[in-house]
file target_24.pdb (PDB, C-alpha atoms)
ATOM      1  CA  ALA A   1       3.778  18.037  -1.873
ATOM      2  CA  GLN A   2       1.253  15.550  -0.634
ATOM      3  CA  SER A   3       2.177  13.637   2.491
ATOM      4  CA  VAL A   4       0.568  11.694   5.297
ATOM      5  CA  THR A   5       1.502  11.539   8.975
ATOM      6  CA  GLN A   6       0.408   8.822  11.358
ATOM      7  CA  LEU A   7       0.861   9.879  14.957
ATOM      8  CA  GLY A   8       1.950   7.036  17.184
ATOM      9  CA  SER A   9       3.893   4.135  15.722
ATOM     10  CA  HIS A  10       2.498   1.890  18.476
ATOM     11  CA  VAL A  11      -0.924   2.072  20.133
ATOM     12  CA  SER A  12      -2.194  -0.243  22.879
ATOM     13  CA  VAL A  13      -5.835  -0.573  23.903
ATOM     14  CA  SER A  14      -7.719  -2.963  26.119
ATOM     15  CA  GLU A  15     -10.139  -5.414  24.584
ATOM     16  CA  GLY A  16     -13.526  -3.700  24.370
ATOM     17  CA  ALA A  17     -12.054  -0.183  24.479
ATOM     18  CA  LEU A  18     -12.248   2.481  21.791
ATOM     19  CA  VAL A  19      -9.670   2.308  19.030
ATOM     20  CA  LEU A  20      -8.417   5.635  17.653
ATOM     21  CA  LEU A  21      -5.629   5.688  15.069
ATOM     22  CA  ARG A  22      -4.601   9.105  13.814
ATOM     23  CA  CYS A  23      -3.865  10.193  10.278
ATOM     24  CA  ASN A  24      -3.173  13.730   9.094
ATOM     25  CA  TYR A  25      -2.539  14.581   5.479
ATOM     26  CA  SER A  26      -1.231  17.501   3.536
ATOM     27  CA  SER A  27      -2.614  18.090   0.098
ATOM     28  CA  SER A  28      -3.101  21.115  -2.092
ATOM     29  CA  VAL A  29      -6.155  19.580  -3.732
ATOM     30  CA  PRO A  30      -9.077  17.550  -2.378
ATOM     31  CA  PRO A  31      -7.503  14.235  -1.497
ATOM     32  CA  TYR A  32      -8.526  10.651  -1.849
ATOM     33  CA  LEU A  33      -7.715   8.787   1.367
ATOM     34  CA  PHE A  34      -7.463   5.139   2.302
ATOM     35  CA  TRP A  35      -6.925   3.007   5.378
ATOM     36  CA  TYR A  36      -5.345  -0.424   5.018
ATOM     37  CA  VAL A  37      -4.633  -3.168   7.556
ATOM     38  CA  GLN A  38      -1.684  -5.545   7.460
ATOM     39  CA  TYR A  39      -1.374  -8.740   9.479
ATOM     40  CA  PRO A  40       2.127 -10.153  10.078
ATOM     41  CA  ASN A  41       3.909 -11.300   6.932
ATOM     42  CA  GLN A  42       0.894 -10.581   4.755
ATOM     43  CA  GLY A  43      -0.137  -8.010   2.202
ATOM     44  CA  LEU A  44      -2.354  -5.010   2.860
ATOM     45  CA  GLN A  45      -6.142  -5.224   2.916
ATOM     46  CA  LEU A  46      -8.402  -2.250   2.308
ATOM     47  CA  LEU A  47     -10.434  -1.169   5.350
ATOM     48  CA  LEU A  48     -12.135   1.874   3.886
ATOM     49  CA  LYS A  49     -11.704   4.767   1.497
ATOM     50  CA  TYR A  50     -12.741   8.410   1.169
ATOM     51  CA  THR A  51     -13.466   9.643  -2.342
ATOM     52  CA  SER A  52     -15.276  12.931  -1.600
ATOM     53  CA  ALA A  53     -18.754  11.547  -1.040
ATOM     54  CA  ALA A  54     -19.824  11.201   2.620
ATOM     55  CA  THR A  55     -17.326  12.544   5.146
ATOM     56  CA  LEU A  56     -18.028   9.664   7.545
ATOM     57  CA  VAL A  57     -16.894   6.472   5.892
ATOM     58  CA  LYS A  58     -17.754   3.021   7.167
ATOM     59  CA  GLY A  59     -15.470   0.113   6.439
ATOM     60  CA  ILE A  60     -15.062  -3.537   7.176
ATOM     61  CA  ASN A  61     -14.724  -5.154  10.611
ATOM     62  CA  GLY A  62     -16.587  -2.311  12.343
ATOM     63  CA  PHE A  63     -14.065   0.419  11.494
ATOM     64  CA  GLU A  64     -14.973   3.891  10.355
ATOM     65  CA  ALA A  65     -13.150   7.130   9.601
ATOM     66  CA  GLU A  66     -14.196  10.740   9.381
ATOM     67  CA  PHE A  67     -12.767  13.162   6.833
ATOM     68  CA  LYS A  68     -12.265  16.589   8.427
ATOM     69  CA  LYS A  69     -11.027  19.102   5.906
ATOM     70  CA  SER A  70     -10.519  21.877   8.478
ATOM     71  CA  GLU A  71      -8.208  19.637  10.478
ATOM     72  CA  THR A  72      -6.707  17.815   7.460
ATOM     73  CA  SER A  73      -7.402  14.580   9.288
ATOM     74  CA  PHE A  74      -8.801  11.159   8.516
ATOM     75  CA  HIS A  75      -8.660   9.321  11.830
ATOM     76  CA  LEU A  76      -9.678   5.655  12.056
ATOM     77  CA  THR A  77     -11.948   4.517  14.885
ATOM     78  CA  LYS A  78     -13.662   1.424  16.175
ATOM     79  CA  PRO A  79     -15.969   1.545  19.207
ATOM     80  CA  SER A  80     -14.849  -1.734  20.769
ATOM     81  CA  ALA A  81     -11.495  -3.401  20.138
ATOM     82  CA  HIS A  82     -11.275  -7.119  19.544
ATOM     83  CA  MET A  83      -8.193  -9.278  19.899
ATOM     84  CA  SER A  84      -8.319  -9.953  16.163
ATOM     85  CA  ASP A  85      -7.791  -6.217  15.484
ATOM     86  CA  ALA A  86      -4.143  -6.499  16.484
ATOM     87  CA  ALA A  87      -2.262  -5.596  13.300
ATOM     88  CA  GLU A  88      -0.492  -2.717  11.589
ATOM     89  CA  TYR A  89      -2.600   0.007  10.039
ATOM     90  CA  PHE A  90      -1.595   2.293   7.188
ATOM     91  CA  CYS A  91      -3.147   5.525   6.021
ATOM     92  CA  ALA A  92      -2.595   6.557   2.399
ATOM     93  CA  VAL A  93      -3.268   9.683   0.338
ATOM     94  CA  THR A  94      -3.179  10.018  -3.421
ATOM     95  CA  VAL A  95      -1.182  12.466  -5.509
ATOM     96  CA  ARG A  96      -1.974  13.205  -9.128
ATOM     97  CA  VAL A  97       0.904  12.315 -11.476
ATOM     98  CA  GLY A  98       0.390  12.589 -15.209
ATOM     99  CA  GLY A  99      -2.736  10.689 -16.120
ATOM    100  CA  THR A 100      -2.986   8.671 -12.952
ATOM    101  CA  TYR A 101      -2.534   8.682  -9.180
ATOM    102  CA  LYS A 102       0.332   7.656  -6.964
ATOM    103  CA  TYR A 103      -0.323   6.559  -3.415
ATOM    104  CA  ILE A 104       1.640   8.022  -0.511
ATOM    105  CA  PHE A 105       1.616   5.803   2.575
ATOM    106  CA  GLY A 106       2.163   6.733   6.171
ATOM    107  CA  THR A 107       4.715   4.897   8.257
ATOM    108  CA  GLY A 108       2.060   2.792   9.937
ATOM    109  CA  THR A 109       0.626   2.312  13.431
ATOM    110  CA  ARG A 110       0.927  -1.040  15.126
ATOM    111  CA  LEU A 111      -2.142  -1.764  17.236
ATOM    112  CA  LYS A 112      -1.837  -4.016  20.241
ATOM    113  CA  VAL A 113      -5.005  -5.266  21.985
ATOM    114  CA  LEU A 114      -4.638  -6.221  25.626
ATOM    115  CA  ALA A 115      -6.808  -8.928  27.164
TER     116      ALA A 115
ATOM    117  CA  ASP B   1     -11.011 -16.698  -6.782
ATOM    118  CA  GLY B   2      -9.503 -13.540  -8.213
ATOM    119  CA  GLY B   3      -6.437 -12.068  -6.648
ATOM    120  CA  ILE B   4      -2.754 -11.340  -6.755
ATOM    121  CA  THR B   5      -0.103 -13.990  -6.290
ATOM    122  CA  GLN B   6       3.514 -13.384  -5.452
ATOM    123  CA  SER B   7       6.128 -16.070  -5.461
ATOM    124  CA  PRO B   8       8.107 -17.197  -3.682
ATOM    125  CA  LYS B   9       7.053 -16.198  -0.167
ATOM    126  CA  TYR B  10      10.667 -16.236   1.048
ATOM    127  CA  LEU B  11      13.743 -15.768  -1.109
ATOM    128  CA  PHE B  12      17.400 -15.950  -0.184
ATOM    129  CA  ARG B  13      20.239 -14.746  -2.395
ATOM    130  CA  LYS B  14      23.923 -14.054  -2.187
ATOM    131  CA  GLU B  15      25.166 -10.528  -2.615
ATOM    132  CA  GLY B  16      25.975  -9.696  -6.225
ATOM    133  CA  GLN B  17      23.246 -11.888  -7.730
ATOM    134  CA  ASN B  18      20.247 -10.564  -9.586
ATOM    135  CA  VAL B  19      16.901 -11.965  -8.467
ATOM    136  CA  THR B  20      13.426 -11.746 -10.016
ATOM    137  CA  LEU B  21      10.244 -11.554  -7.955
ATOM    138  CA  SER B  22       7.043 -12.746  -9.566
ATOM    139  CA  CYS B  23       3.694 -10.942  -9.462
ATOM    140  CA  GLU B  24       0.591 -12.223 -11.237
ATOM    141  CA  GLN B  25      -2.995 -10.952 -11.087
ATOM    142  CA  ASN B  26      -6.209 -12.377 -12.498
ATOM    143  CA  LEU B  27      -8.367  -9.363 -11.613
ATOM    144  CA  ASN B  28      -8.124  -7.901 -15.125
ATOM    145  CA  HIS B  29      -6.662  -4.739 -13.608
ATOM    146  CA  ASP B  30      -4.873  -2.230 -15.803
ATOM    147  CA  ALA B  31      -2.444  -0.831 -13.231
ATOM    148  CA  MET B  32       0.214  -2.650 -11.250
ATOM    149  CA  TYR B  33       2.697  -1.465  -8.642
ATOM    150  CA  TRP B  34       5.755  -2.610  -6.729
ATOM    151  CA  TYR B  35       6.466  -1.389  -3.207
ATOM    152  CA  ARG B  36       9.254  -2.000  -0.785
ATOM    153  CA  GLN B  37       8.466  -2.187   2.927
ATOM    154  CA  ASP B  38      11.068  -1.695   5.632
ATOM    155  CA  PRO B  39      10.314  -1.569   9.366
ATOM    156  CA  GLY B  40       9.134   1.881  10.443
ATOM    157  CA  GLN B  41       9.205   3.310   6.908
ATOM    158  CA  GLY B  42       5.841   2.366   5.513
ATOM    159  CA  LEU B  43       5.603   1.479   1.827
ATOM    160  CA  ARG B  44       7.818   3.084  -0.773
ATOM    161  CA  LEU B  45       6.997   2.949  -4.468
ATOM    162  CA  ILE B  46       9.584   1.283  -6.705
ATOM    163  CA  TYR B  47       7.864   1.109 -10.110
ATOM    164  CA  TYR B  48       4.347   1.315 -11.445
ATOM    165  CA  SER B  49       2.617   0.457 -14.696
ATOM    166  CA  GLN B  50      -0.580   2.100 -15.905
ATOM    167  CA  ILE B  51      -1.062  -0.182 -18.903
ATOM    168  CA  VAL B  52       0.635  -3.116 -20.550
ATOM    169  CA  ASN B  53       3.983  -2.356 -22.251
ATOM    170  CA  ASP B  54       4.405   0.810 -20.209
ATOM    171  CA  PHE B  55       5.902   1.530 -16.784
ATOM    172  CA  GLN B  56       7.335   4.450 -14.801
ATOM    173  CA  LYS B  57       9.899   4.818 -12.073
ATOM    174  CA  GLY B  58       8.651   5.386  -8.574
ATOM    175  CA  ASP B  59      10.467   7.052  -5.707
ATOM    176  CA  ILE B  60      13.196   4.426  -5.192
ATOM    177  CA  ALA B  61      13.750   2.802  -8.613
ATOM    178  CA  GLU B  62      17.548   2.703  -8.501
ATOM    179  CA  GLY B  63      18.832  -0.863  -8.590
ATOM    180  CA  TYR B  64      15.516  -2.317  -9.754
ATOM    181  CA  SER B  65      13.996  -3.130 -13.139
ATOM    182  CA  VAL B  66      10.565  -4.279 -14.314
ATOM    183  CA  SER B  67       8.708  -5.382 -17.412
ATOM    184  CA  ARG B  68       5.013  -5.399 -18.338
ATOM    185  CA  GLU B  69       4.669  -7.602 -21.386
ATOM    186  CA  LYS B  70       1.339  -9.072 -20.294
ATOM    187  CA  LYS B  71      -1.539  -7.413 -18.512
ATOM    188  CA  GLU B  72      -1.558  -9.991 -15.731
ATOM    189  CA  SER B  73       2.186 -10.059 -14.997
ATOM    190  CA  PHE B  74       4.605  -7.471 -13.571
ATOM    191  CA  PRO B  75       7.898  -9.089 -12.508
ATOM    192  CA  LEU B  76      10.467  -7.127 -10.516
ATOM    193  CA  THR B  77      14.206  -7.744 -10.840
ATOM    194  CA  VAL B  78      16.415  -6.718  -7.960
ATOM    195  CA  THR B  79      19.848  -6.161  -9.449
ATOM    196  CA  SER B  80      23.246  -6.262  -7.838
ATOM    197  CA  ALA B  81      23.268  -2.464  -8.058
ATOM    198  CA  GLN B  82      20.651  -2.224  -5.308
ATOM    199  CA  LYS B  83      22.731  -1.403  -2.249
ATOM    200  CA  ASN B  84      20.386  -2.698   0.435
ATOM    201  CA  PRO B  85      17.995  -5.214  -1.137
ATOM    202  CA  THR B  86      16.895  -7.088   1.985
ATOM    203  CA  ALA B  87      13.250  -6.115   2.517
ATOM    204  CA  PHE B  88       9.621  -7.172   2.192
ATOM    205  CA  TYR B  89       8.344  -6.577  -1.345
ATOM    206  CA  LEU B  90       4.682  -6.016  -2.089
ATOM    207  CA  CYS B  91       2.950  -6.071  -5.441
ATOM    208  CA  ALA B  92      -0.385  -4.334  -5.932
ATOM    209  CA  SER B  93      -2.898  -3.705  -8.672
ATOM    210  CA  SER B  94      -5.701  -1.261  -9.328
ATOM    211  CA  ILE B  95      -8.558  -1.486 -11.777
ATOM    212  CA  ARG B  96      -7.646   1.570 -13.847
ATOM    213  CA  GLY B  97      -4.253   2.988 -14.647
ATOM    214  CA  VAL B  98      -5.237   5.964 -16.770
ATOM    215  CA  ILE B  99      -7.739   8.097 -14.861
ATOM    216  CA  PRO B 100      -9.130  11.346 -16.311
ATOM    217  CA  PRO B 101      -8.886  14.480 -14.151
ATOM    218  CA  GLY B 102     -11.793  14.773 -11.778
ATOM    219  CA  GLN B 103     -12.280  11.035 -11.505
ATOM    220  CA  PRO B 104     -11.462   9.483  -8.136
ATOM    221  CA  ALA B 105      -8.569   7.219  -7.385
ATOM    222  CA  TYR B 106      -9.285   3.523  -7.048
ATOM    223  CA  GLU B 107      -8.184   1.327  -4.201
ATOM    224  CA  GLN B 108      -5.222  -0.956  -4.561
ATOM    225  CA  TYR B 109      -5.295  -4.717  -4.078
ATOM    226  CA  PHE B 110      -2.162  -6.247  -2.605
ATOM    227  CA  GLY B 111      -0.449  -9.586  -2.950
ATOM    228  CA  PRO B 112       0.865 -11.515   0.067
ATOM    229  CA  GLY B 113       4.422 -10.240  -0.392
ATOM    230  CA  THR B 114       7.886 -11.732  -0.876
ATOM    231  CA  ARG B 115      10.500 -11.447   1.847
ATOM    232  CA  LEU B 116      13.926 -11.167   0.231
ATOM    233  CA  THR B 117      17.070 -11.726   2.240
ATOM    234  CA  VAL B 118      20.438 -11.017   0.662
ATOM    235  CA  THR B 119      23.591 -12.044   2.492
TER     236      THR B 119
END
call {"tool": "encode", "arguments": {"input": "target_24.pdb", "output": "structure tokens"}}
result
Amino acid sequence: AQSVTQLGSHVSVSEGALVLLRCNYSSSVPPYLFWYVQYPNQGLQLLLKYTSAATLVKGINGFEAEFKKSETSFHLTKPSAHMSDAAEYFCAVTVRVGGTYKYIFGTGTRLKVLA
Amino acid sequence: DGGITQSPKYLFRKEGQNVTLSCEQNLNHDAMYWYRQDPGQGLRLIYYSQIVNDFQKGDIAEGYSVSREKKESFPLTVTSAQKNPTAFYLCASSIRGVIPPGQPAYEQYFGPGTRLTVT
């Protein structure tokens, strides 16, 4: 069964430091993968998505993620953290059900940015 | 501006009462979804609808009901049978609900959520 694991429920980085949020998936077929960001008491906003084109995917706000099939990973990175990046981040993988897809979400990683 | 609206933002109910959460989209999307979010558990799928007049149970449908009479609307009713209804509820939509094999999945667009508290 498809699943997604986000290592680290809380990550702290200093402002200006590299951000690395981890996501590993399990899927028996080539997956479609997404990263979303959620600010407090708000809905989720798409950061980026992988749909089997380029393995390095660039998203909004300077984030990018690399699809590594051999490692079943889709880690999210940003070279330099900004205070406004403090939020919760969710990785999601799709699973085929009937004529459509369901989305399986990880449990989230809360990013804290230290001044 | 196109988007998804959920109302109200905060909702309080007494135990034993049914309550309906509103979700409306003007994106002309075929598919709509309801998720429940609890701290540390990510998002769990309650119901989804691929097209109007059709919907399927998700992973935690017990104690919930939905309808999809109009393309733009997908209300969720939390019934008194739901044992632990206090949570943050998120509605989402996606441009296509029926996707042929080999075609990629589309991203979901989320509403701002409704925080339901039942006491």
call {"tool": "resolve_selection", "arguments": {"input": "target_24.pdb", "expression": "the ChimeraX specification (/A :<10) & /B", "output": "PyMOL selection string"}}
result
chain B and resi 4+9+31+33+37-45+48+50+58+88-92+96-101+103-115
call {"tool": "resolve_selection", "arguments": {"input": "target_24.pdb", "expression": "the PyMOL selection byres ((chain B and resi 11-20) around 12)", "output": "ChimeraX atom specification"}}
result
/B:6-10,21-23,63-67,74-89,113-119
call {"tool": "closest_residue", "arguments": {"input": "target_24.pdb", "among": "A:Leu47, A:Met83, A:Val57, A:Cys23", "to": "A:Gly8", "atoms": "only C-alpha atoms"}}
result
A:Cys23
call {"tool": "residues_near_point", "arguments": {"input": "target_24.pdb", "point": "(-3.9, -8.1, -13.2)", "cutoff": "9 Å", "atoms": "all atoms listed in the file", "output": "list in words"}}
result
Gly3, Ile4, Cys23, Glu24, Gln25, Asn26, Leu27, Asn28, His29, Asp30, Ala31, Met32, Lys70, Lys71, Glu72, Ser73, Phe74, Ala92, Ser93, Ser94 and Ile95 of chain B
call {"tool": "atom_distance", "arguments": {"input": "target_24.pdb", "atom1": "atom CA of A:Leu7", "atom2": "atom CA of A:Leu56"}}
result
20.3 Å
call {"tool": "atom_distance", "arguments": {"input": "target_24.pdb", "atom1": "atom CA of A:Thr5", "atom2": "atom CA of A:Ser27"}}
result
11.8 Å
call {"tool": "residues_around", "arguments": {"input": "target_24.pdb", "residues": "A:Glu71", "least_positions_apart": "5", "cutoff": "12 Å", "atoms": "all atoms listed in the file", "output": "ChimeraX atom specification"}}
result
/A:22-27,66
call {"tool": "build_atoms", "arguments": {"input": "target_24.pdb", "residues": "stretch 38-51 of chain A", "atoms": "N, CA, C and O atoms", "output": "short mmCIF file (atom, residue, chain, number, x, y, z; two decimals), keeping the file's coordinate frame"}}
result
data_model
loop_
_atom_site.label_atom_id
_atom_site.label_comp_id
_atom_site.auth_asym_id
_atom_site.auth_seq_id
_atom_site.Cartn_x
_atom_site.Cartn_y
_atom_site.Cartn_z
N GLN A 38 -2.64 -4.50 7.82
CA GLN A 38 -1.68 -5.54 7.46
C GLN A 38 -1.44 -6.46 8.65
O GLN A 38 -1.02 -5.99 9.72
N TYR A 39 -1.70 -7.74 8.48
CA TYR A 39 -1.37 -8.74 9.48
C TYR A 39 0.04 -9.24 9.22
O TYR A 39 0.54 -9.13 8.09
N PRO A 40 0.71 -9.78 10.22
CA PRO A 40 2.13 -10.15 10.08
C PRO A 40 2.41 -11.00 8.85
O PRO A 40 1.71 -11.97 8.58
N ASN A 41 3.42 -10.58 8.11
CA ASN A 41 3.91 -11.30 6.93
C ASN A 41 2.84 -11.50 5.86
O ASN A 41 2.84 -12.50 5.14
N GLN A 42 1.93 -10.54 5.79
CA GLN A 42 0.89 -10.58 4.76
C GLN A 42 0.85 -9.25 4.00
O GLN A 42 1.52 -8.29 4.36
N GLY A 43 0.07 -9.24 2.94
CA GLY A 43 -0.14 -8.01 2.20
C GLY A 43 -1.12 -7.11 2.92
O GLY A 43 -1.57 -7.41 4.02
N LEU A 44 -1.42 -5.97 2.27
CA LEU A 44 -2.35 -5.01 2.86
C LEU A 44 -3.77 -5.29 2.36
O LEU A 44 -3.97 -5.69 1.21
N GLN A 45 -4.73 -5.03 3.25
CA GLN A 45 -6.14 -5.22 2.92
C GLN A 45 -6.87 -3.90 3.14
O GLN A 45 -6.68 -3.26 4.17
N LEU A 46 -7.68 -3.51 2.19
CA LEU A 46 -8.40 -2.25 2.31
C LEU A 46 -9.44 -2.32 3.43
O LEU A 46 -10.25 -3.24 3.48
N LEU A 47 -9.41 -1.31 4.31
CA LEU A 47 -10.43 -1.17 5.35
C LEU A 47 -11.55 -0.25 4.88
O LEU A 47 -12.73 -0.55 5.05
N LEU A 48 -11.15 0.90 4.34
CA LEU A 48 -12.14 1.87 3.89
C LEU A 48 -11.44 2.93 3.05
O LEU A 48 -10.22 3.01 3.04
N LYS A 49 -12.27 3.73 2.35
CA LYS A 49 -11.70 4.77 1.50
C LYS A 49 -12.62 5.99 1.49
O LYS A 49 -13.85 5.89 1.65
N TYR A 50 -12.01 7.16 1.32
CA TYR A 50 -12.74 8.41 1.17
C TYR A 50 -12.50 8.94 -0.24
O TYR A 50 -11.35 9.15 -0.64
N THR A 51 -13.60 9.13 -0.98
CA THR A 51 -13.47 9.64 -2.34
C THR A 51 -14.41 10.81 -2.57
O THR A 51 -14.98 10.96 -3.64
#
